[in-house]
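Here is the structure we will look at.
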Amino acid sequence: MGDLVVGDDGLARPAWTSQDAMLRDYYDTEWGLPVRDERGVFERLSLEAFQSGLSWRTILAKRPAFRAAFAGFDPDVVAGFGDADVERLLGDAGIVRNRRKIDATIGNARATIALRDAGGLAELVWAARPAVTPAPRTAAEVPTTSPESIALAKTLRAAGFAHVGPTTMHALMEAIGIVDTHLVGSHRRGSSGVWA
């Protein structure tokens, strides 16, 4: 089965899930399922930005601390964060303490609020859905960018967002079900209901 590993439960998953129960659970229950609400998309966008240059496992393990530190990723609350909040976040060992990413998250919350009159963040991100989704058979065939992720990154930057490059936006599109990059043969392929 190449890059797929059949678990003790008889289900085929990509190899990156086979050695870690937390990653396997995330893969089985969350990754690639549609997220269409503002707060959910804002959280995933923020976490993908924090993940840049790090492993997803690191971010996933810290997600409860991120949620606590960023008020459950409520854009209205995060948009009101000031200097004292930035200092608090820089001192929080439970999260990734990167000033540029913290500042970007606060700025992105403000940009999220500004988008509401134009349909909102979730609508803008989901508008990047391509006509077809990839059908990778191996990990090497999973794309890391696409014309749609490049366009989405450009649109978000124009709307005042930061840390939203094409690779990060492609990862977001995978995570929230806009594209289905589950390997062909995985038990999760096609499970989002977005793609037949």
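Lettering and numbering for the structure tokens are positional, with chains as A, B, ... in the shown order, residues counted from 1 in each chain, and ligands counted from 1 in the shown order.
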Name all residues at most 12 Å from range 61-65 of chain A (count only C-alpha atoms; drop same-chain ones fewer than 5 positions away) and give them as a ChimeraX atom specification.
/A:20-23,26,43-44,46-48,50-51,55-56,70-73,89,92-97
Go ahead and write the residues just picked, C-alpha atoms, as a tab-separated table (two decimals), in the first residue's frame.
```tsv
chain	number	residue	atom	x	y	z
A	20	ASP	CA	1.41	8.71	17.43
A	21	ALA	CA	-2.02	8.29	18.99
A	22	MET	CA	-2.66	12.05	19.06
A	23	LEU	CA	-1.93	12.42	15.34
A	26	TYR	CA	-6.66	14.06	14.79
A	43	GLU	CA	-8.52	29.26	14.77
A	44	ARG	CA	-7.26	26.95	12.02
A	46	SER	CA	-3.97	31.01	13.30
A	47	LEU	CA	-2.67	27.55	14.18
A	48	GLU	CA	-1.42	26.95	10.64
A	50	PHE	CA	2.03	29.24	14.18
A	51	GLN	CA	2.94	25.85	12.68
A	55	SER	CA	5.86	20.18	13.21
A	56	TRP	CA	2.08	19.95	13.28
A	70	PHE	CA	-6.19	33.41	22.67
A	71	ALA	CA	-9.65	33.44	24.30
A	72	GLY	CA	-10.89	30.43	22.37
A	73	PHE	CA	-9.87	32.22	19.16
A	89	LEU	CA	1.61	35.69	25.42
A	92	ASP	CA	3.32	31.77	28.09
A	93	ALA	CA	5.44	28.60	27.80
A	94	GLY	CA	2.36	26.64	26.75
A	95	ILE	CA	2.30	28.25	23.30
A	96	VAL	CA	4.84	29.10	20.60
A	97	ARG	CA	6.31	32.39	21.78
```
Using only C-alpha atoms, I'd like a table of the residues in range 18-39 of chain A that come within 7 Å of range 122-127 of chain A; for each, show the closest atom pair and its distance in Å rounded to one decimal, ordered by chain and ascending number, as JSON lines.
```
{"residue": "A:Arg36", "atom": "CA", "partner": "A:Ala122", "partner_atom": "CA", "distance": 5.6}
{"residue": "A:Asp37", "atom": "CA", "partner": "A:Ala122", "partner_atom": "CA", "distance": 6.0}
{"residue": "A:Glu38", "atom": "CA", "partner": "A:Ala122", "partner_atom": "CA", "distance": 5.3}
```
Once you have the residues from the selection above, write them out as a PDB file, in the first residue's frame, restricted to N, CA, C and O atoms.
```pdb
ATOM      1  N   ARG A  36     -16.694  25.684   8.604  1.00  0.00           N
ATOM      2  CA  ARG A  36     -17.287  26.781   7.836  1.00  0.00           C
ATOM      3  C   ARG A  36     -17.685  27.979   8.692  1.00  0.00           C
ATOM      4  O   ARG A  36     -18.248  28.943   8.170  1.00  0.00           O
ATOM      5  N   ASP A  37     -17.407  27.939   9.980  1.00  0.00           N
ATOM      6  CA  ASP A  37     -17.764  29.068  10.837  1.00  0.00           C
ATOM      7  C   ASP A  37     -16.560  29.995  11.028  1.00  0.00           C
ATOM      8  O   ASP A  37     -15.412  29.555  10.928  1.00  0.00           O
ATOM      9  N   GLU A  38     -16.822  31.251  11.284  1.00  0.00           N
ATOM     10  CA  GLU A  38     -15.757  32.240  11.390  1.00  0.00           C
ATOM     11  C   GLU A  38     -14.717  31.872  12.440  1.00  0.00           C
ATOM     12  O   GLU A  38     -13.507  31.880  12.165  1.00  0.00           O
TER      13      GLU A  38
END
```
Could you give me, as a PyMOL selection string, the residues within 10 Å of range 82-85 of chain A, counting only C-alpha atoms and dropping anything in the same chain fewer than 6 positions from it?
chain A and resi 69-70+91+102-103+106
Restrict the selected residues to N, CA and C atoms and save them as a short mmCIF file (atom, residue, chain, number, x, y, z; two decimals), in the first residue's frame.
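So the final result, stored in part_4.cif, reads:
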```
data_model
loop_
_atom_site.label_atom_id
_atom_site.label_comp_id
_atom_site.auth_asym_id
_atom_site.auth_seq_id
_atom_site.Cartn_x
_atom_site.Cartn_y
_atom_site.Cartn_z
N ALA A 69 -4.92 30.82 25.75
CA ALA A 69 -4.17 32.07 25.61
C ALA A 69 -4.86 33.06 24.69
N PHE A 70 -5.55 32.55 23.66
CA PHE A 70 -6.19 33.41 22.67
C PHE A 70 -7.72 33.40 22.80
N GLY A 91 5.26 35.41 27.41
CA GLY A 91 5.68 34.72 28.63
C GLY A 91 4.99 33.38 28.85
N ILE A 102 2.47 36.09 17.00
CA ILE A 102 1.49 36.63 17.95
C ILE A 102 0.89 37.91 17.39
N ASP A 103 1.74 38.83 16.94
CA ASP A 103 1.25 40.08 16.35
C ASP A 103 0.36 39.79 15.14
N ILE A 106 -3.15 38.67 16.23
CA ILE A 106 -3.97 39.81 16.68
C ILE A 106 -4.41 40.64 15.48
#
```
Please extract the residues of range 6-174 of chain A with a backbone DSSP assignment of strand (DSSP E) and present them as a list in words.
Val6, Ala12, Arg13 and Pro14 of chain A
Leaving out range 177-193 of chain A and any residue of its chain fewer than 3 positions from it, which residues lie within 9 Å of it when counting only C-alpha atoms, given as number ranges by chain?
A: 1, 3-5, 11-14, 27-28, 31-35, 125-126, 128-130, 132-139, 141-143, 170, 172-174, 196
Since we have the selection now, will you write its residues out, keeping N, CA, C and O atoms, as a CSV table (one decimal), in the first residue's frame?
```csv
chain,number,residue,atom,x,y,z
A,1,MET,N,0.8,-1.2,0.0
A,1,MET,CA,0.0,0.0,0.0
A,1,MET,C,0.9,1.3,0.0
A,1,MET,O,0.3,2.4,0.2
A,3,ASP,N,2.6,4.3,0.9
A,3,ASP,CA,2.7,5.3,2.0
A,3,ASP,C,1.5,5.1,3.0
A,3,ASP,O,1.4,5.9,3.9
A,4,LEU,N,0.7,4.1,2.8
A,4,LEU,CA,-0.4,3.8,3.8
A,4,LEU,C,0.0,2.7,4.7
A,4,LEU,O,0.7,1.8,4.3
A,5,VAL,N,-0.4,2.8,6.0
A,5,VAL,CA,-0.2,1.8,7.0
A,5,VAL,C,-1.5,1.3,7.5
A,5,VAL,O,-2.4,2.1,7.8
A,11,LEU,N,-7.8,-0.3,9.5
A,11,LEU,CA,-8.0,0.9,8.7
A,11,LEU,C,-6.7,1.4,8.1
A,11,LEU,O,-5.7,1.4,8.9
A,12,ALA,N,-6.7,1.8,6.9
A,12,ALA,CA,-5.5,2.3,6.2
A,12,ALA,C,-5.4,3.8,6.5
A,12,ALA,O,-6.3,4.6,6.2
A,13,ARG,N,-4.2,4.2,6.9
A,13,ARG,CA,-3.9,5.7,7.2
A,13,ARG,C,-2.5,6.0,6.6
A,13,ARG,O,-1.7,5.1,6.5
A,14,PRO,N,-2.2,7.3,6.4
A,14,PRO,CA,-0.8,7.6,6.0
A,14,PRO,C,0.1,7.3,7.1
A,14,PRO,O,-0.2,7.3,8.3
A,27,TYR,N,-6.2,12.8,12.8
A,27,TYR,CA,-6.5,12.4,11.4
A,27,TYR,C,-7.9,11.7,11.2
A,27,TYR,O,-8.6,12.0,10.3
A,28,ASP,N,-8.2,10.9,12.2
A,28,ASP,CA,-9.5,10.1,12.1
A,28,ASP,C,-10.7,10.9,12.4
A,28,ASP,O,-11.8,10.6,11.8
A,31,TRP,N,-9.1,16.2,10.8
A,31,TRP,CA,-8.4,16.7,9.7
A,31,TRP,C,-9.2,16.4,8.4
A,31,TRP,O,-9.6,15.3,8.1
A,32,GLY,N,-9.4,17.5,7.6
A,32,GLY,CA,-10.1,17.3,6.4
A,32,GLY,C,-11.6,17.4,6.4
A,32,GLY,O,-12.3,17.4,5.4
A,33,LEU,N,-12.2,17.5,7.6
A,33,LEU,CA,-13.6,17.7,7.7
A,33,LEU,C,-13.9,19.2,7.6
A,33,LEU,O,-13.2,20.1,8.1
A,34,PRO,N,-15.1,19.5,7.0
A,34,PRO,CA,-15.4,20.9,6.8
A,34,PRO,C,-15.5,21.8,8.0
A,34,PRO,O,-16.2,21.3,9.0
A,35,VAL,N,-14.9,22.9,8.0
A,35,VAL,CA,-15.0,23.9,9.0
A,35,VAL,C,-15.5,25.2,8.3
A,35,VAL,O,-14.8,25.7,7.4
A,125,VAL,N,-12.5,32.3,2.4
A,125,VAL,CA,-11.6,31.1,2.3
A,125,VAL,C,-12.2,30.0,1.5
A,125,VAL,O,-11.6,29.4,0.7
A,126,TRP,N,-13.5,29.7,1.7
A,126,TRP,CA,-14.1,28.7,1.0
A,126,TRP,C,-14.3,29.0,-0.5
A,126,TRP,O,-14.5,28.1,-1.3
A,128,ALA,N,-12.1,29.8,-2.3
A,128,ALA,CA,-10.9,29.2,-2.9
A,128,ALA,C,-11.0,27.8,-3.3
A,128,ALA,O,-10.1,27.2,-3.9
A,129,ARG,N,-12.1,27.2,-3.1
A,129,ARG,CA,-12.3,25.8,-3.5
A,129,ARG,C,-12.1,25.6,-5.0
A,129,ARG,O,-12.7,26.2,-5.8
A,130,PRO,N,-11.2,24.7,-5.3
A,130,PRO,CA,-11.0,24.4,-6.8
A,130,PRO,C,-12.1,23.6,-7.4
A,130,PRO,O,-13.0,23.0,-6.7
A,132,VAL,N,-11.6,20.8,-9.0
A,132,VAL,CA,-11.3,19.4,-8.7
A,132,VAL,C,-10.4,19.3,-7.5
A,132,VAL,O,-9.6,20.3,-7.3
A,133,THR,N,-10.3,18.2,-6.8
A,133,THR,CA,-9.4,18.0,-5.7
A,133,THR,C,-8.3,17.0,-6.1
A,133,THR,O,-8.5,16.2,-7.0
A,134,PRO,N,-7.1,17.2,-5.6
A,134,PRO,CA,-6.1,16.2,-5.9
A,134,PRO,C,-6.5,14.8,-5.5
A,134,PRO,O,-7.3,14.6,-4.6
A,135,ALA,N,-5.8,13.8,-6.1
A,135,ALA,CA,-6.1,12.4,-5.8
A,135,ALA,C,-4.7,11.7,-5.6
A,135,ALA,O,-4.3,10.9,-6.4
A,136,PRO,N,-4.0,12.1,-4.6
A,136,PRO,CA,-2.6,11.6,-4.4
A,136,PRO,C,-2.7,10.1,-4.0
A,136,PRO,O,-3.5,9.7,-3.1
A,137,ARG,N,-1.7,9.3,-4.5
A,137,ARG,CA,-1.6,7.9,-4.2
A,137,ARG,C,-0.4,7.7,-3.2
A,137,ARG,O,-0.3,6.7,-2.5
A,138,THR,N,0.5,8.7,-3.2
A,138,THR,CA,1.7,8.6,-2.3
A,138,THR,C,1.8,10.0,-1.7
A,138,THR,O,1.3,11.0,-2.2
A,139,ALA,N,2.6,10.0,-0.6
A,139,ALA,CA,2.9,11.3,0.1
A,139,ALA,C,3.6,12.3,-0.8
A,139,ALA,O,3.3,13.5,-0.8
A,141,GLU,N,3.0,12.8,-3.8
A,141,GLU,CA,2.1,13.3,-4.8
A,141,GLU,C,1.2,14.4,-4.1
A,141,GLU,O,0.4,15.0,-4.8
A,142,VAL,N,1.2,14.5,-2.8
A,142,VAL,CA,0.4,15.5,-2.1
A,142,VAL,C,1.0,16.9,-2.4
A,142,VAL,O,2.1,17.2,-2.0
A,143,PRO,N,0.2,17.8,-3.0
A,143,PRO,CA,0.8,19.1,-3.3
A,143,PRO,C,0.9,20.0,-2.0
A,143,PRO,O,0.2,19.7,-1.0
A,170,HIS,N,-2.5,26.5,1.7
A,170,HIS,CA,-2.8,25.1,1.2
A,170,HIS,C,-3.1,24.2,2.4
A,170,HIS,O,-4.0,23.4,2.4
A,172,LEU,N,-4.1,25.0,5.3
A,172,LEU,CA,-5.5,25.4,5.8
A,172,LEU,C,-6.6,24.7,5.0
A,172,LEU,O,-7.5,24.1,5.5
A,173,MET,N,-6.4,24.8,3.7
A,173,MET,CA,-7.5,24.3,2.8
A,173,MET,C,-7.6,22.8,3.0
A,173,MET,O,-8.7,22.2,2.9
A,174,GLU,N,-6.5,22.1,3.2
A,174,GLU,CA,-6.5,20.6,3.5
A,174,GLU,C,-7.2,20.4,4.9
A,174,GLU,O,-8.1,19.5,5.0
A,196,ALA,N,-17.0,14.0,-4.0
A,196,ALA,CA,-17.6,12.7,-4.2
A,196,ALA,C,-16.4,11.7,-4.2
A,196,ALA,O,-15.3,12.0,-4.7
```
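Among A:Pro166, A:Gly10, A:Pro147, A:Gly160, the residue with the shortest atom-to-atom distance to Asn108 in chain A, counting only C-alpha atoms, is A:Gly160.
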For a quick check of understanding, using only C-alpha atoms, which of A:Ala79, A:Leu152, A:Val41, A:Val164 has the smallest distance to Ile113 in chain A?
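Under the stated criterion, the closest residue is A:Ala79.
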Pick out the closest residue to Ala171 in chain A from this set: A:Ala49, A:Leu115, A:Arg157, A:Arg67. Count only C-alpha atoms.
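Among the listed residues, A:Ala49 lies closest to Ala171 in chain A.
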Return as a compact mmCIF listing (two decimals) with N, CA and C atoms, in the first residue's frame the full set of residues in range 5-182 of chain A whose backbone-based DSSP assignment is alpha helix (DSSP H).
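File written: states.txt
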```txt
# COMPACT_ATOMS: atom_id res chain seq x y z
N ALA A 21 -0.58 8.38 18.77
CA ALA A 21 -2.02 8.29 18.99
C ALA A 21 -2.71 9.64 18.81
N MET A 22 -2.05 10.73 19.21
CA MET A 22 -2.66 12.05 19.06
C MET A 22 -2.84 12.41 17.59
N LEU A 23 -1.83 12.15 16.77
CA LEU A 23 -1.93 12.42 15.34
C LEU A 23 -2.97 11.51 14.68
N ARG A 24 -3.00 10.25 15.09
CA ARG A 24 -3.98 9.32 14.53
C ARG A 24 -5.40 9.78 14.85
N ASP A 25 -5.63 10.19 16.09
CA ASP A 25 -6.96 10.65 16.47
C ASP A 25 -7.35 11.91 15.70
N TYR A 26 -6.40 12.84 15.56
CA TYR A 26 -6.66 14.06 14.79
C TYR A 26 -7.00 13.70 13.34
N TYR A 27 -6.23 12.80 12.76
CA TYR A 27 -6.48 12.37 11.38
C TYR A 27 -7.86 11.72 11.25
N ASP A 28 -8.20 10.85 12.19
CA ASP A 28 -9.45 10.10 12.11
C ASP A 28 -10.69 10.94 12.37
N THR A 29 -10.57 11.97 13.20
CA THR A 29 -11.78 12.66 13.67
C THR A 29 -11.90 14.12 13.25
N GLU A 38 -16.82 31.25 11.28
CA GLU A 38 -15.76 32.24 11.39
C GLU A 38 -14.72 31.87 12.44
N ARG A 39 -15.16 31.55 13.64
CA ARG A 39 -14.21 31.26 14.71
C ARG A 39 -13.37 30.02 14.38
N GLY A 40 -14.02 29.00 13.83
CA GLY A 40 -13.30 27.79 13.48
C GLY A 40 -12.25 28.03 12.42
N VAL A 41 -12.60 28.81 11.39
CA VAL A 41 -11.63 29.11 10.34
C VAL A 41 -10.52 30.00 10.88
N PHE A 42 -10.88 30.98 11.72
CA PHE A 42 -9.86 31.85 12.31
C PHE A 42 -8.89 31.04 13.18
N GLU A 43 -9.40 30.10 13.96
CA GLU A 43 -8.52 29.26 14.77
C GLU A 43 -7.57 28.45 13.89
N ARG A 44 -8.11 27.78 12.87
CA ARG A 44 -7.26 26.95 12.02
C ARG A 44 -6.23 27.80 11.28
N LEU A 45 -6.65 28.98 10.79
CA LEU A 45 -5.72 29.87 10.12
C LEU A 45 -4.60 30.28 11.07
N SER A 46 -4.96 30.59 12.30
CA SER A 46 -3.97 31.01 13.30
C SER A 46 -3.01 29.88 13.63
N LEU A 47 -3.53 28.69 13.84
CA LEU A 47 -2.67 27.55 14.18
C LEU A 47 -1.76 27.17 13.02
N GLU A 48 -2.27 27.24 11.80
CA GLU A 48 -1.42 26.95 10.64
C GLU A 48 -0.29 27.97 10.55
N ALA A 49 -0.57 29.23 10.87
CA ALA A 49 0.48 30.25 10.85
C ALA A 49 1.52 29.97 11.94
N PHE A 50 1.08 29.58 13.12
CA PHE A 50 2.03 29.24 14.18
C PHE A 50 2.85 28.00 13.82
N GLN A 51 2.26 27.08 13.04
CA GLN A 51 2.94 25.85 12.68
C GLN A 51 4.09 26.08 11.71
N TRP A 56 3.49 19.81 12.90
CA TRP A 56 2.08 19.95 13.28
C TRP A 56 1.83 19.29 14.64
N ARG A 57 2.57 18.25 14.96
CA ARG A 57 2.39 17.60 16.25
C ARG A 57 2.65 18.58 17.40
N THR A 58 3.68 19.41 17.24
CA THR A 58 3.99 20.42 18.26
C THR A 58 2.80 21.33 18.50
N ILE A 59 2.19 21.81 17.41
CA ILE A 59 1.05 22.72 17.52
C ILE A 59 -0.15 22.00 18.10
N LEU A 60 -0.41 20.80 17.64
CA LEU A 60 -1.55 20.04 18.12
C LEU A 60 -1.45 19.80 19.63
N ALA A 61 -0.26 19.47 20.11
CA ALA A 61 -0.07 19.24 21.54
C ALA A 61 -0.30 20.51 22.35
N LYS A 62 -0.02 21.65 21.75
CA LYS A 62 -0.16 22.93 22.43
C LYS A 62 -1.54 23.57 22.19
N ARG A 63 -2.39 22.95 21.40
CA ARG A 63 -3.66 23.58 21.05
C ARG A 63 -4.51 23.97 22.26
N PRO A 64 -4.63 23.14 23.30
CA PRO A 64 -5.40 23.61 24.46
C PRO A 64 -4.83 24.90 25.06
N ALA A 65 -3.51 25.00 25.13
CA ALA A 65 -2.89 26.21 25.67
C ALA A 65 -3.11 27.39 24.73
N PHE A 66 -3.03 27.15 23.42
CA PHE A 66 -3.32 28.22 22.46
C PHE A 66 -4.75 28.72 22.64
N ARG A 67 -5.69 27.79 22.79
CA ARG A 67 -7.10 28.19 22.95
C ARG A 67 -7.28 29.03 24.21
N ALA A 68 -6.63 28.63 25.29
CA ALA A 68 -6.73 29.40 26.53
C ALA A 68 -6.08 30.78 26.37
N ALA A 69 -4.92 30.82 25.75
CA ALA A 69 -4.17 32.07 25.61
C ALA A 69 -4.86 33.06 24.69
N PRO A 75 -12.47 36.11 17.53
CA PRO A 75 -11.85 37.26 16.88
C PRO A 75 -12.14 38.58 17.57
N ASP A 76 -13.33 38.74 18.12
CA ASP A 76 -13.68 40.00 18.78
C ASP A 76 -12.80 40.26 20.01
N VAL A 77 -12.51 39.21 20.75
CA VAL A 77 -11.66 39.35 21.94
C VAL A 77 -10.20 39.55 21.53
N VAL A 78 -9.72 38.70 20.62
CA VAL A 78 -8.31 38.77 20.21
C VAL A 78 -8.00 40.11 19.54
N ASP A 83 -0.73 45.73 24.23
CA ASP A 83 0.67 45.46 24.58
C ASP A 83 0.79 44.50 25.77
N ALA A 84 -0.07 44.68 26.77
CA ALA A 84 0.00 43.81 27.95
C ALA A 84 -0.30 42.36 27.57
N ASP A 85 -1.25 42.18 26.64
CA ASP A 85 -1.58 40.83 26.19
C ASP A 85 -0.42 40.21 25.42
N VAL A 86 0.24 41.02 24.60
CA VAL A 86 1.39 40.51 23.85
C VAL A 86 2.48 40.06 24.81
N GLU A 87 2.74 40.84 25.84
CA GLU A 87 3.74 40.46 26.84
C GLU A 87 3.33 39.19 27.57
N ARG A 88 2.04 39.08 27.89
CA ARG A 88 1.52 37.87 28.54
C ARG A 88 1.75 36.66 27.65
N LEU A 89 1.45 36.80 26.36
CA LEU A 89 1.61 35.69 25.42
C LEU A 89 3.07 35.32 25.24
N LEU A 90 3.95 36.32 25.20
CA LEU A 90 5.38 36.04 25.07
C LEU A 90 5.93 35.30 26.29
N ARG A 99 6.98 36.55 18.55
CA ARG A 99 6.31 37.85 18.53
C ARG A 99 5.64 38.12 17.18
N ARG A 100 6.31 37.80 16.09
CA ARG A 100 5.71 38.09 14.78
C ARG A 100 4.43 37.29 14.57
N LYS A 101 4.41 36.05 15.02
CA LYS A 101 3.21 35.24 14.86
C LYS A 101 2.11 35.68 15.82
N ILE A 102 2.47 36.09 17.00
CA ILE A 102 1.49 36.63 17.95
C ILE A 102 0.89 37.91 17.39
N ASP A 103 1.74 38.83 16.94
CA ASP A 103 1.25 40.08 16.35
C ASP A 103 0.36 39.79 15.14
N ALA A 104 0.76 38.81 14.32
CA ALA A 104 -0.03 38.47 13.14
C ALA A 104 -1.41 37.96 13.55
N THR A 105 -1.48 37.15 14.60
CA THR A 105 -2.76 36.60 15.04
C THR A 105 -3.70 37.72 15.50
N ILE A 106 -3.15 38.67 16.23
CA ILE A 106 -3.97 39.81 16.68
C ILE A 106 -4.41 40.64 15.48
N GLY A 107 -3.49 40.92 14.58
CA GLY A 107 -3.85 41.66 13.37
C GLY A 107 -4.84 40.91 12.51
N ASN A 108 -4.69 39.60 12.44
CA ASN A 108 -5.62 38.78 11.65
C ASN A 108 -7.01 38.76 12.26
N ALA A 109 -7.10 38.85 13.58
CA ALA A 109 -8.41 38.96 14.22
C ALA A 109 -9.09 40.25 13.80
N ARG A 110 -8.34 41.34 13.76
CA ARG A 110 -8.89 42.63 13.33
C ARG A 110 -9.30 42.57 11.86
N ALA A 111 -8.48 41.92 11.04
CA ALA A 111 -8.82 41.78 9.62
C ALA A 111 -10.06 40.89 9.44
N THR A 112 -10.21 39.89 10.30
CA THR A 112 -11.39 39.02 10.26
C THR A 112 -12.65 39.84 10.51
N ILE A 113 -12.61 40.69 11.51
CA ILE A 113 -13.77 41.55 11.82
C ILE A 113 -14.08 42.47 10.64
N ALA A 114 -13.04 43.03 10.03
CA ALA A 114 -13.23 43.94 8.90
C ALA A 114 -13.86 43.25 7.69
N LEU A 121 -14.76 35.90 6.78
CA LEU A 121 -13.55 35.10 6.56
C LEU A 121 -13.86 33.72 5.99
N ALA A 122 -14.82 33.03 6.58
CA ALA A 122 -15.11 31.67 6.12
C ALA A 122 -15.54 31.66 4.66
N GLU A 123 -16.39 32.60 4.28
CA GLU A 123 -16.85 32.66 2.89
C GLU A 123 -15.69 32.95 1.95
N LEU A 124 -14.82 33.86 2.34
CA LEU A 124 -13.68 34.20 1.50
C LEU A 124 -12.76 32.99 1.32
N VAL A 125 -12.47 32.28 2.41
CA VAL A 125 -11.58 31.13 2.34
C VAL A 125 -12.21 30.01 1.52
N TRP A 126 -13.49 29.75 1.72
CA TRP A 126 -14.15 28.67 0.99
C TRP A 126 -14.33 29.01 -0.49
N PRO A 147 -2.71 26.72 -7.40
CA PRO A 147 -3.10 28.05 -7.88
C PRO A 147 -4.11 28.72 -6.94
N GLU A 148 -4.99 27.91 -6.36
CA GLU A 148 -6.01 28.46 -5.46
C GLU A 148 -5.40 28.94 -4.14
N SER A 149 -4.42 28.20 -3.61
CA SER A 149 -3.80 28.65 -2.35
C SER A 149 -2.96 29.89 -2.58
N ILE A 150 -2.35 30.00 -3.76
CA ILE A 150 -1.58 31.20 -4.10
C ILE A 150 -2.52 32.40 -4.19
N ALA A 151 -3.66 32.22 -4.85
CA ALA A 151 -4.64 33.31 -4.97
C ALA A 151 -5.23 33.67 -3.61
N LEU A 152 -5.52 32.66 -2.79
CA LEU A 152 -6.08 32.92 -1.46
C LEU A 152 -5.09 33.72 -0.62
N ALA A 153 -3.84 33.34 -0.64
CA ALA A 153 -2.82 34.07 0.12
C ALA A 153 -2.77 35.52 -0.32
N LYS A 154 -2.81 35.75 -1.60
CA LYS A 154 -2.77 37.12 -2.13
C LYS A 154 -4.00 37.92 -1.69
N THR A 155 -5.17 37.30 -1.76
CA THR A 155 -6.41 37.97 -1.36
C THR A 155 -6.39 38.31 0.13
N LEU A 156 -5.94 37.36 0.96
CA LEU A 156 -5.90 37.60 2.40
C LEU A 156 -4.88 38.68 2.74
N ARG A 157 -3.73 38.67 2.12
CA ARG A 157 -2.73 39.72 2.37
C ARG A 157 -3.30 41.09 2.00
N ALA A 158 -4.03 41.16 0.89
CA ALA A 158 -4.64 42.42 0.48
C ALA A 158 -5.70 42.89 1.48
N PRO A 166 1.23 30.97 0.53
CA PRO A 166 0.56 29.92 -0.25
C PRO A 166 0.65 28.52 0.36
N THR A 167 1.79 28.17 0.95
CA THR A 167 1.91 26.84 1.56
C THR A 167 1.05 26.74 2.81
N THR A 168 1.06 27.78 3.62
CA THR A 168 0.23 27.81 4.84
C THR A 168 -1.25 27.77 4.47
N MET A 169 -1.63 28.48 3.42
CA MET A 169 -3.04 28.48 3.01
C MET A 169 -3.44 27.15 2.40
N HIS A 170 -2.51 26.47 1.73
CA HIS A 170 -2.84 25.14 1.22
C HIS A 170 -3.06 24.17 2.39
N ALA A 171 -2.23 24.27 3.41
CA ALA A 171 -2.41 23.43 4.60
C ALA A 171 -3.76 23.72 5.26
N LEU A 172 -4.15 24.99 5.30
CA LEU A 172 -5.46 25.35 5.84
C LEU A 172 -6.57 24.72 5.00
N MET A 173 -6.44 24.82 3.68
CA MET A 173 -7.46 24.27 2.80
C MET A 173 -7.60 22.76 2.99
N GLU A 174 -6.49 22.07 3.23
CA GLU A 174 -6.54 20.63 3.52
C GLU A 174 -7.22 20.38 4.86
N ALA A 175 -6.82 21.14 5.87
CA ALA A 175 -7.29 20.91 7.24
C ALA A 175 -8.79 21.11 7.38
```
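Pairwise distance (CA of Ser52 in chain A, CA of Gly120 in chain A) equals 24.1 Å.
Comparing A:Val194, A:Ala159, A:Ile176, A:Val6 by their smallest distance to Arg116 in chain A, the closest is A:Ala159 (using only C-alpha atoms).
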Gap from CA of Glu30 in chain A to CA of Ala140 in chain A - Å, one decimal
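Straight-line distance from CA of Glu30 in chain A to CA of Ala140 in chain A works out to 22.3 Å.
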